[in-house]
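Data first, discussion second: the structure below is written as structure tokens.
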Amino acid sequence: MPDVKSKKDILQIEAGEDSLWADFGQVERLTLSLTQTYTHTLGRYSRFFIELENQRFMATRCGRCQRVYAPPRPLCPDCLCPTYWVELAGTGTVQTFSVQHFSPGSNADVAALKTPYVFAYVLLDGASTLFPHLLIADPAQVTVGMRVRVHYVQQPVEHPIHLIHFIPVE
Amino acid sequence: MKRVPVVVGIGMTRFAADRPDCNPRDLLTDAVLALLADAQLQDLKAVQHGLCSYESDHFNKQMTLAAILHDQIGLTPVPNVRIEGGGATGALALRTAWAYVQSGLCDSILVYGCETNGRGVSSQTANQLFALSADFDWEMMIGGTYTGFYAAMMRAHMQRYGTTAEQFAHVAVRNRRNARFNPLAQKPMELTIADVLASRPVAEPYRLLDCSLLSDGAAVMLLATEEWARAHSAKFTARPAVYFSATGCGTDTMRLGDRYPELTNFRAKRAAAQQAYQMAGITDPLHQIDVAELYDSYSGVEIQAVEDLGFVPAGQGGASVASGMFDLDGELPVNTDGGLLGRGAPVGATGIAQAAEIALQLWGEADPRRQVAGARRGLTDTHAGIATLSVVNIFERRD
Ligand SMILES: [Zn+2]
């Protein structure tokens, strides 16, 4: 017998005798693994991620409407003009959050998270938008209005967004 | 009025967590055969245009699925177009078909949707694939998930308006209960609010039973001018005419954080509803709409929707839902077929299945246990992301 290495199983689907598909009841299933590797550019966001290695938290400001974007937007969507980089102190206030009990395993950093973890939307002091990130804290202690700050990690990470997360301000 | 599309017929498969007997082509085959039976058509040879509705090349493991499905159901060589609009794909497909018919580009168009979001992949892979539809570097790479984004919005709603977990659990109970009267539904269940509150937390404040389903399935709808329908479908003249009378669409920023300070509700849904209401001449939606299919991707989303669609004022969604206002015997029954929570949600088919339920209701052909007596006008509410794209379609019976 030839060996079909990806074969998972063969099922017999029960269909009534009057079923249109009685002649097609035998179903073979395979286990297929598809993997892709990309060169992923951070494009005009890059300086944000590069400065995290220097423990600096950058946002962008629109010179026309003065809105401060964190996460940065290289283009102000309201004015359609380029923004410029500004540094924020990295302190802010939780506006809302969820307590996530499973990890989607989106990358090695996320797969390593201990559940439950807090996914928080933080209004950084000086910013006009909310920055989403992990808040490493006891979920039971997290509240809307809580003061938090950016914490810089020392251990190696896969995606540079994990060079930081939020922690409560003591 | 002359070119306002009418619904010639509908077809659907049973929605299921797993259809090992069917690949996407097989699912669509079954929906199309159901349509032929519904509209009493021999074939699709007179149909002038195809419109394929599917969201994900990843879940379906196939790019150009539109070409494959169009070929599968024998529509070549008529023109075809594929529409993708995230979770709103099916509703956006119907809206596009509305414009194709209204413009005179074609007199009849088959909108066919299918998706395999079920157990073809593990739930972790499914979460990763859905997370790809979040903002890659700023949400997905952090470990954000749509369940988490929706949960954060619901927390803001609770914080601002005092909405409670018991109130959104009511939606989880009612929609799965409605699904008991729909033989094509994936997960009919008889639950109590206590069951929902006791289910395991997924992304707090949402628990397992607050979350909708991953499904395999297909749904189709044949739209045409009234003239085409009369000429080609004997069934059309045998039942009340249902018109696809109005459509609206709105958008919002990709990331929730960019909507600050609005975190509780869906701006895009309000915009979509306003457009559709204006087109349909609706000024008092609660009383001028008889039945509605709302996008209950999570139980609390229905509470946000009844506010944004103008059924009740902002902040009163929780109390009105819990009062039974939107139950089968309530003032405005919603998700009579079970919704995403009970019927299921194969993405590209979801919006079409919602519209199919409205058509059934307006024809008076729904299962008597879920039929809304005398329904003459129905609405579908469908969105993508956290209502990053929102579509509202309105159907009316005229006889
Ligand atoms: Zn600006």
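If you're wondering about the labels, chains in the structure tokens are A, B, ... by order shown, residues count from 1 in each chain, ligands from 1 in order shown.
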Q: Throw together the list of residues within 10 Å of ligand 1, counting only C-alpha atoms and all ligand atoms, and drop it here as a ChimeraX atom specification.
A: /A:61-69,75-83
Please produce an output containing C-alpha atoms for each residue in the selection, written as an mmCIF file, in the first residue's frame.
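Written out: again-v8.cif:
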```
data_model
loop_
_atom_site.group_PDB
_atom_site.id
_atom_site.type_symbol
_atom_site.label_atom_id
_atom_site.label_comp_id
_atom_site.auth_asym_id
_atom_site.auth_seq_id
_atom_site.Cartn_x
_atom_site.Cartn_y
_atom_site.Cartn_z
ATOM 1 C CA ARG A 61 2.732 65.700 16.576
ATOM 2 C CA CYS A 62 0.876 67.372 13.739
ATOM 3 C CA GLY A 63 2.220 70.900 13.223
ATOM 4 C CA ARG A 64 -1.120 72.064 11.886
ATOM 5 C CA CYS A 65 -3.737 70.711 14.346
ATOM 6 C CA GLN A 66 -1.300 69.965 17.215
ATOM 7 C CA ARG A 67 -2.740 66.498 17.838
ATOM 8 C CA VAL A 68 -0.184 64.106 19.339
ATOM 9 C CA TYR A 69 -0.365 60.561 18.035
ATOM 10 C CA LEU A 75 0.714 61.327 8.366
ATOM 11 C CA CYS A 76 -1.937 63.308 10.256
ATOM 12 C CA PRO A 77 -5.163 61.831 8.873
ATOM 13 C CA ASP A 78 -7.077 65.038 9.576
ATOM 14 C CA CYS A 79 -4.670 67.486 7.957
ATOM 15 C CA LEU A 80 -2.962 65.115 5.504
ATOM 16 C CA CYS A 81 0.425 66.578 6.316
ATOM 17 C CA PRO A 82 3.531 64.867 7.709
ATOM 18 C CA THR A 83 3.950 64.932 11.487
#
```
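Near chain A, within 7 Å and using only C-alpha atoms, the residues of chain B are Asp21, Gln124, Asn127, Gln128, Glu139, Met140, Met141, Ile142, Gly143, Gly144, Gly148, Ala151, Ala152, Arg155, Ala156, Pro201, Val202, Ala203, Glu204, Pro205, Gly257, Asp258 and Tyr260 of chain B.
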Output C-alpha atoms for every residue in the selection just made, as a CSV table (one decimal), in the first residue's frame.
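Output saved as result.csv:
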```
chain,number,residue,atom,x,y,z
B,21,ASP,CA,-18.1,16.3,4.2
B,124,GLN,CA,-5.4,29.2,18.4
B,127,ASN,CA,-7.4,33.5,16.7
B,128,GLN,CA,-4.1,34.2,15.0
B,139,GLU,CA,-2.3,45.4,18.2
B,140,MET,CA,-1.7,41.9,16.9
B,141,MET,CA,2.0,41.7,17.9
B,142,ILE,CA,1.1,42.8,21.4
B,143,GLY,CA,-1.3,39.9,21.9
B,144,GLY,CA,-4.5,41.8,21.2
B,148,GLY,CA,-10.2,41.7,23.9
B,151,ALA,CA,-14.3,43.4,25.9
B,152,ALA,CA,-12.5,46.7,26.5
B,155,ARG,CA,-16.0,47.6,30.0
B,156,ALA,CA,-16.2,51.3,29.0
B,201,PRO,CA,-13.9,34.0,31.4
B,202,VAL,CA,-12.4,34.5,27.9
B,203,ALA,CA,-11.6,38.2,27.8
B,204,GLU,CA,-13.3,39.8,30.8
B,205,PRO,CA,-15.9,41.1,31.0
B,257,GLY,CA,-7.6,54.0,20.8
B,258,ASP,CA,-7.8,56.4,17.9
B,260,TYR,CA,-10.9,58.4,22.1
```
Q. Which of chain A counts as strand (DSSP E or B) under DSSP, as number ranges by chain please?
A. A: 7-12, 26-30, 57-61, 68-69, 75, 82, 84-88, 91-100, 117-124, 130-135, 147-152, 164-168
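Using only C-alpha atoms, the nearest neighbour of Gln274 in chain B within the list B:Leu197, B:Gly364, B:Leu222, B:Ile394 is B:Ile394.
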Q: Please identify which residues in range 47-111 of chain B DSSP calls helix (DSSP H, G or I) from the backbone, and express them as a PyMOL selection string.
A: chain B and resi 57-60+65-72+89-103
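In terms of minimum interatomic distance to Glu170 in chain A, A:Ala137 ranks closest within A:Ala137, A:Val157, A:Ile50, A:Leu124, counting only C-alpha atoms.
Taking CA of Leu105 in chain B as the reference point, CA of Thr380 in chain B is found at 24.6 Å.
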